[in-house]
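Next comes protein.cif, a file with mmCIF, C-alpha atoms.
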data_start
#
loop_
_atom_site.label_atom_id
_atom_site.label_comp_id
_atom_site.auth_asym_id
_atom_site.auth_seq_id
_atom_site.Cartn_x
_atom_site.Cartn_y
_atom_site.Cartn_z
CA MET A 188 -29.61 9.75 -77.94
CA ASN A 189 -26.59 7.55 -77.23
CA MET A 190 -25.58 8.29 -73.65
CA ASN A 191 -22.36 6.27 -74.10
CA LEU A 192 -20.83 8.97 -76.29
CA PRO A 193 -18.15 11.09 -74.60
CA ARG A 194 -19.63 14.33 -73.26
CA ALA A 195 -17.69 16.55 -75.71
CA LEU A 196 -18.78 14.46 -78.71
CA LEU A 197 -22.37 14.43 -77.46
CA ALA A 198 -22.31 18.20 -77.03
CA ALA A 199 -20.83 18.68 -80.51
CA SER A 200 -23.47 16.43 -82.04
CA LEU A 201 -26.12 18.65 -80.43
CA GLY A 202 -24.45 21.76 -81.84
CA LEU A 203 -23.40 23.00 -78.39
CA THR A 204 -20.09 24.30 -77.17
CA SER A 205 -20.44 22.18 -74.04
CA LEU A 206 -22.86 19.71 -72.54
CA GLY A 207 -23.39 22.23 -69.75
CA ALA A 208 -25.25 24.38 -72.27
CA ALA A 209 -27.62 21.49 -72.91
CA LEU A 210 -28.27 21.10 -69.21
CA ALA A 211 -28.46 24.79 -68.33
CA ASP A 212 -32.12 25.02 -69.22
CA GLY A 213 -32.84 21.64 -67.69
CA GLY A 214 -34.23 23.51 -64.72
CA SER A 215 -32.53 21.80 -61.86
CA ALA A 216 -28.98 22.21 -63.13
CA MET A 217 -27.18 25.01 -61.30
CA PRO A 218 -25.20 27.21 -63.71
CA SER A 219 -21.45 26.82 -63.39
CA GLN A 220 -20.91 30.48 -62.42
CA VAL A 221 -23.05 31.37 -59.42
CA PRO A 222 -22.68 34.84 -57.89
CA PRO A 223 -21.46 34.47 -54.29
CA ALA A 224 -24.22 36.87 -53.18
CA TYR A 225 -26.84 34.43 -54.48
CA THR A 226 -25.53 31.57 -52.38
CA GLN A 227 -24.92 33.79 -49.35
CA GLU A 228 -28.14 35.77 -49.39
CA CYS A 229 -30.72 33.37 -50.82
CA GLY A 230 -29.11 30.24 -49.45
CA SER A 231 -29.07 31.61 -45.90
CA CYS A 232 -32.82 31.01 -45.50
CA HIS A 233 -33.68 28.31 -48.02
CA THR A 234 -32.18 26.32 -50.85
CA ALA A 235 -30.49 28.63 -53.34
CA TYR A 236 -32.67 27.32 -56.16
CA PRO A 237 -31.29 26.86 -59.65
CA PRO A 238 -32.66 29.80 -61.65
CA GLY A 239 -34.03 27.45 -64.32
CA MET A 240 -36.72 26.33 -61.88
CA LEU A 241 -38.73 29.50 -62.54
CA PRO A 242 -39.46 31.53 -65.67
CA ALA A 243 -37.95 35.00 -66.05
CA ARG A 244 -41.19 36.84 -65.16
CA SER A 245 -41.39 35.00 -61.86
CA TRP A 246 -37.79 35.89 -60.98
CA GLN A 247 -38.52 39.50 -61.93
CA ARG A 248 -41.42 39.63 -59.46
CA VAL A 249 -39.45 37.81 -56.73
CA MET A 250 -36.56 40.25 -57.00
CA SER A 251 -38.83 43.32 -57.09
CA GLY A 252 -40.58 42.26 -53.88
CA LEU A 253 -37.71 41.30 -51.58
CA ASP A 254 -39.03 43.60 -48.85
CA ARG A 255 -42.04 41.25 -48.59
CA HIS A 256 -40.41 37.96 -49.63
CA TYR A 257 -42.97 35.34 -48.61
CA GLY A 258 -43.53 36.92 -45.23
CA SER A 259 -39.94 38.02 -44.62
CA ASP A 260 -37.94 41.13 -45.37
CA ALA A 261 -35.13 39.91 -47.62
CA SER A 262 -34.15 43.37 -48.83
CA LEU A 263 -30.74 43.79 -50.43
CA ASP A 264 -28.80 46.83 -51.59
CA ALA A 265 -29.62 48.08 -55.09
CA ALA A 266 -26.33 46.91 -56.65
CA THR A 267 -26.80 43.35 -55.37
CA VAL A 268 -30.42 43.29 -56.55
CA ARG A 269 -29.29 44.40 -60.04
CA GLN A 270 -26.51 41.80 -60.15
CA LEU A 271 -28.71 38.93 -59.00
CA SER A 272 -31.67 40.00 -61.15
CA THR A 273 -29.50 40.06 -64.26
CA TRP A 274 -28.06 36.62 -63.45
CA LEU A 275 -31.48 35.11 -62.68
CA GLN A 276 -32.97 36.52 -65.90
CA ALA A 277 -30.07 35.14 -67.94
CA HIS A 278 -30.50 31.65 -66.47
CA ALA A 279 -34.28 31.52 -66.00
CA GLY A 280 -36.14 28.47 -67.25
CA THR A 281 -37.62 28.54 -70.72
CA TYR A 282 -38.50 24.89 -71.17
CA LYS A 283 -41.91 23.23 -70.97
CA ARG A 284 -41.84 22.49 -67.22
CA VAL A 285 -41.67 26.18 -66.32
CA SER A 286 -43.78 27.57 -69.14
CA GLU A 287 -46.48 28.32 -66.58
CA GLU A 288 -45.70 30.73 -63.78
CA PRO A 289 -46.52 28.97 -60.50
CA PRO A 290 -49.01 30.48 -58.03
CA GLN A 291 -47.33 33.28 -56.06
CA ASP A 292 -44.11 32.51 -58.00
CA ARG A 293 -43.43 29.69 -55.52
CA ILE A 294 -41.37 26.80 -56.86
CA THR A 295 -43.06 24.59 -54.29
CA ARG A 296 -46.49 25.44 -55.75
CA SER A 297 -45.56 24.70 -59.36
CA ALA A 298 -47.39 21.88 -61.12
CA TRP A 299 -44.21 19.87 -61.66
CA PHE A 300 -43.12 20.22 -58.00
CA GLU A 301 -46.51 19.13 -56.73
CA ARG A 302 -46.56 16.19 -59.16
CA LYS A 303 -43.08 15.02 -58.10
CA HIS A 304 -43.97 15.31 -54.40
CA ARG A 305 -47.60 14.13 -54.54
CA LYS A 306 -46.89 11.16 -52.24
CA VAL A 307 -45.27 13.28 -49.53
CA GLU A 308 -47.74 13.61 -46.70
CA PRO A 309 -48.34 17.15 -45.40
CA ALA A 310 -47.03 16.09 -41.97
CA VAL A 311 -43.60 15.36 -43.46
CA TRP A 312 -43.15 19.03 -44.43
CA GLN A 313 -43.71 19.92 -40.75
CA LEU A 314 -41.02 17.61 -39.33
CA PRO A 315 -38.27 19.48 -37.45
CA SER A 316 -35.71 17.95 -39.83
CA VAL A 317 -37.63 19.29 -42.86
CA LYS A 318 -39.52 22.43 -41.71
CA SER A 319 -41.04 23.22 -45.13
CA ALA A 320 -41.23 22.15 -48.76
CA ALA A 321 -38.68 24.89 -49.48
CA ASN A 322 -35.99 22.95 -47.60
CA CYS A 323 -34.96 20.73 -50.51
CA ALA A 324 -31.72 19.71 -48.78
CA ALA A 325 -33.71 17.86 -46.11
CA CYS A 326 -34.19 15.03 -48.62
CA HIS A 327 -32.11 15.89 -51.69
CA THR A 328 -28.43 15.52 -50.83
CA GLY A 329 -27.35 17.31 -54.02
CA ALA A 330 -29.76 20.24 -53.71
CA ASP A 331 -26.98 22.80 -53.28
CA GLN A 332 -25.58 21.75 -56.69
CA GLY A 333 -29.03 21.61 -58.29
CA ARG A 334 -29.21 17.80 -58.26
CA PHE A 335 -32.68 16.59 -57.35
CA ASP A 336 -32.73 13.16 -58.96
CA ASP A 337 -33.93 10.10 -57.09
CA ASP A 338 -30.37 8.77 -56.77
CA ASN A 339 -29.54 11.56 -54.31
CA LEU A 340 -32.40 11.12 -51.84
CA ARG A 341 -32.28 10.45 -48.13
CA MET A 342 -35.14 9.95 -45.72
CA PRO A 343 -35.55 12.87 -43.37
CA GLU A 344 -35.32 12.19 -39.65
CA GLY A 345 -38.54 11.74 -37.74
CA LEU A 346 -40.61 9.76 -40.25
CA THR A 347 -43.17 7.38 -38.82
CA PRO A 348 -42.90 3.69 -39.83
CA ARG A 349 -45.80 4.19 -42.26
CA GLN A 350 -44.13 7.25 -43.81
CA ARG A 351 -40.88 5.28 -44.10
CA ARG A 352 -42.69 2.53 -46.02
CA ALA A 353 -44.36 5.10 -48.27
CA TRP A 354 -40.90 6.50 -49.09
CA PHE A 355 -40.21 3.38 -51.17
CA ASP A 356 -43.58 3.22 -52.99
#

Reformat the file's structure so that it appears as structure tokens.
Amino acid sequence: MNMNLPRALLAASLGLTSLGAALADGGSAMPSQVPPAYTQECGSCHTAYPPGMLPARSWQRVMSGLDRHYGSDASLDAATVRQLSTWLQAHAGTYKRVSEEPPQDRITRSAWFERKHRKVEPAVWQLPSVKSAANCAACHTGADQGRFDDDNLRMPEGLTPRQRRAWFD
């Protein structure tokens, strides 16, 4: 694919109305229209993950169990649950990377997440500046826009000299 083509021409050559449609199921791309409740409610405790990072069945289970959301009560009113569930289902991942539902529907337990983070020592997840693998923004500066590429990385505070060296391996 010629990446030098203008975006509109590239999208047209792929039979898409916009290049955004090509990226929407790329998993980490955040859809252009995000319900404010998603950012406010989900993003108040962890990264408001792009819905393409999980398959539809996983999102269905996550939204039906908000009263026991990974050890927390994240209950929402019925109208908000319906709105967010519909949006998540519409934008859920369908591509190869999310064809398998991760254990406990945790993005951080998915095979692709573990592969991409295999060199991160367990102690790094415990740093005060990181707190957990669910805090993508600790290292990924574009996490809130669904950008997780290596060009948008920063070292979290508190790494040991050895961990800092490993960052560049």

(Q) For a test of reading the model, state the distance in Å between atom CA of A:Cys232 and atom CA of A:Gly258, rounded to one decimal. (A)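 Distance between the two atoms: 12.2 Å.
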
(Q) Excluding stretch 337-347 of chain A and its own-chain neighbours fewer than 2 positions away, which residues fall within 10 Å of it when counting all atoms listed in the file? Please give them as a list in words. (A)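 These residues fall inside the cut-off: Ala310, Val311, Trp312, Leu314, Pro315, Ser316, Val317, Ala324, Ala325, Cys326, His327, Thr328, Gly329, Ala330, Arg334, Phe335, Arg349, Gln350, Arg351, Arg352, Ala353, Trp354 and Phe355 of chain A.
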
**Q.** Between atom CA of A:Leu241 and atom CA of A:Ala279 - distance in Å to one decimal
**A.** 6.0 Å

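Each of A:Ala261, A:Met240, A:Gln313, A:Ser272 was checked against A:Val285 using all atoms listed in the file; the smallest atom-to-atom distance is that of A:Met240.
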
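We find atom CA of A:Val249 and atom CA of A:Asp292 to be spaced 7.2 Å apart.
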
If we count only C-alpha atoms, what is near A:Ala298 at a cut-off of 12 Å, once residues fewer than 5 positions away on the same chain are taken out, given as a compact mmCIF listing (two decimals) with C-alpha atoms, keeping the file's coordinate frame?
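Contents of part_7.txt, freshly written:
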# COMPACT_ATOMS: atom_id res chain seq x y z
CA MET A 240 -36.72 26.33 -61.88
CA LEU A 241 -38.73 29.50 -62.54
CA LYS A 283 -41.91 23.23 -70.97
CA ARG A 284 -41.84 22.49 -67.22
CA VAL A 285 -41.67 26.18 -66.32
CA SER A 286 -43.78 27.57 -69.14
CA GLU A 287 -46.48 28.32 -66.58
CA GLU A 288 -45.70 30.73 -63.78
CA PRO A 289 -46.52 28.97 -60.50
CA PRO A 290 -49.01 30.48 -58.03
CA ASP A 292 -44.11 32.51 -58.00
CA ARG A 293 -43.43 29.69 -55.52
CA LYS A 303 -43.08 15.02 -58.10
CA HIS A 304 -43.97 15.31 -54.40
CA ARG A 305 -47.60 14.13 -54.54

Q: With the file shown as input, list the residues that the PyMOL selection byres ((chain A and resi 280) around 12) selects, as an MDAnalysis selection string.
A: chainID A and resid 210:218 236:246 275:279 281:288 294
